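Undergrad: Following this message is one structure expressed as structure tokens.
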Amino acid sequence: MSASSKVVAWFEIPSVDFERAVRFYEAGLDVKLTREEIGGQPIAIFGYEEPATGGAIIHSPSMTPSDDGVLVYLNARPTVDAALARIEKAGGKTDGPVIKLPQDIGYIAFFTDTEGNRLGLHSLTNG
């Protein structure tokens, strides 16, 4: 893999209640997800353009929401604070304070969604 290649090609966020999870992410991240079905499983895809990384909310009996596995950071628009406010309003829970990263890398924060998944947020600016 070259240095310019994406490390992450796709991600899936498992759900227990698919409709609740879709509503949560649409409200919390202020996005519209595209609903589809793949192999009999409902999915809701985050909009993206190549070469950006894509991902989806998925409802599958083989996947269980978790707060202690791999951590995915989602784009917080326009800021981490704004996304956290929407996430709390949509039923999510924040997990600690906003953290300023060194070398102007931006800001991060963590939250738990309505399904029990722990995820991160990132934005270049905050405030």
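Here, A, B, ... name the chains of the structure tokens in the order displayed, residue numbers run from 1 inside each chain, and ligands are numbered from 1 in the same displayed order.
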When you look at range 20-37 of chain A with a cut-off of 10 Å (counting only C-alpha atoms), what residues show up, excluding the ones that are within fewer than 3 positions of it in the same chain? I need them as a ChimeraX atom specification.
TA: /A:13-17,40-47,56-59,74-78,82-92,113-115,121
Undergrad: Name the closest residue to Glu12 in chain A among the candidates A:Glu50, A:Gly55, A:Asp67, A:Phe111; distances are taken between atoms, counting only C-alpha atoms.
TA: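 Smallest distance to Glu12 in chain A is found for A:Gly55.
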Undergrad: I'd like to know which residues of chain A are strand (DSSP E) (by DSSP, run on the backbone); could you write them as a PyMOL selection string?
TA: chain A and resi 10-14+34-38+41-45+54-58+73-75+93-94+99-100+107-112+118-123
Undergrad: Skipping near chain neighbours, those fewer than 6 positions away, what residues fall within 9 Å of Gly127 in chain A using only C-alpha atoms, listed as JSON, numbers by chain?
TA: {"A": [79, 80, 81, 82]}
Undergrad: Tell me, which residues of range 8-126 of chain A carry DSSP alpha helix (DSSP H), written as a list in words?
TA: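 Everything in range 8-126 of chain A that counts as alpha helix (DSSP H) is Phe18, Glu19, Arg20, Ala21, Val22, Arg23, Phe24, Tyr25, Glu26, Ala27, Gly28, Leu29, Val80, Asp81, Ala82, Ala83, Leu84, Ala85, Arg86, Ile87, Glu88 and Lys89 of chain A.
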Undergrad: Got a sec: who's within 12 Å of Val7 in chain A, counting only C-alpha atoms, leaving out chain neighbours fewer than 6 positions off, as a PDB file with C-alpha atoms, in the first residue's frame?
TA:
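around_25.pdb, written as the output of this step:
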ATOM      1  CA  MET A   1       0.000   0.000   0.000  1.00  0.00           C
ATOM      2  CA  PRO A  51     -11.665   8.992  -2.948  1.00  0.00           C
ATOM      3  CA  ALA A  52     -13.298   9.601   0.446  1.00  0.00           C
ATOM      4  CA  THR A  53     -13.954   6.632   2.721  1.00  0.00           C
ATOM      5  CA  GLY A  54     -17.524   5.363   2.755  1.00  0.00           C
TER       6      GLY A  54
END
Undergrad: How many Å lie between CA of Asp68 in chain A and CA of Gly106 in chain A, rounded to one decimal?
TA: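 Interatomic distance here is 23.7 Å.
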Undergrad: Of the candidates A:Ser123, A:Arg118, A:Val72, A:Phe18, which shows the shortest atom-to-atom distance to Val98 in chain A, using only C-alpha atoms?
TA: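 Between A:Ser123, A:Arg118, A:Val72, A:Phe18, the residue approaching Val98 in chain A most closely is A:Ser123.
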Undergrad: My list of candidates is A:Glu19, A:Tyr48, A:Val8, A:Gly120. Which is closest to Leu71 in chain A when distances are computed with only C-alpha atoms?
TA: A:Gly120
Undergrad: May I have the residues within 10 Å of Gly96 in chain A as a list in words, using only C-alpha atoms and disregarding those fewer than 3 positions away in the same chain?
TA: Lys93, Ile99, Ala109, Phe110 and Phe111 of chain A
Undergrad: Just to confirm, what's the straight-line distance from CA of Ser60 in chain A to CA of Trp10 in chain A in Å (one decimal)?
TA: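 We find that CA of Ser60 in chain A and CA of Trp10 in chain A lie 16.2 Å from each other.
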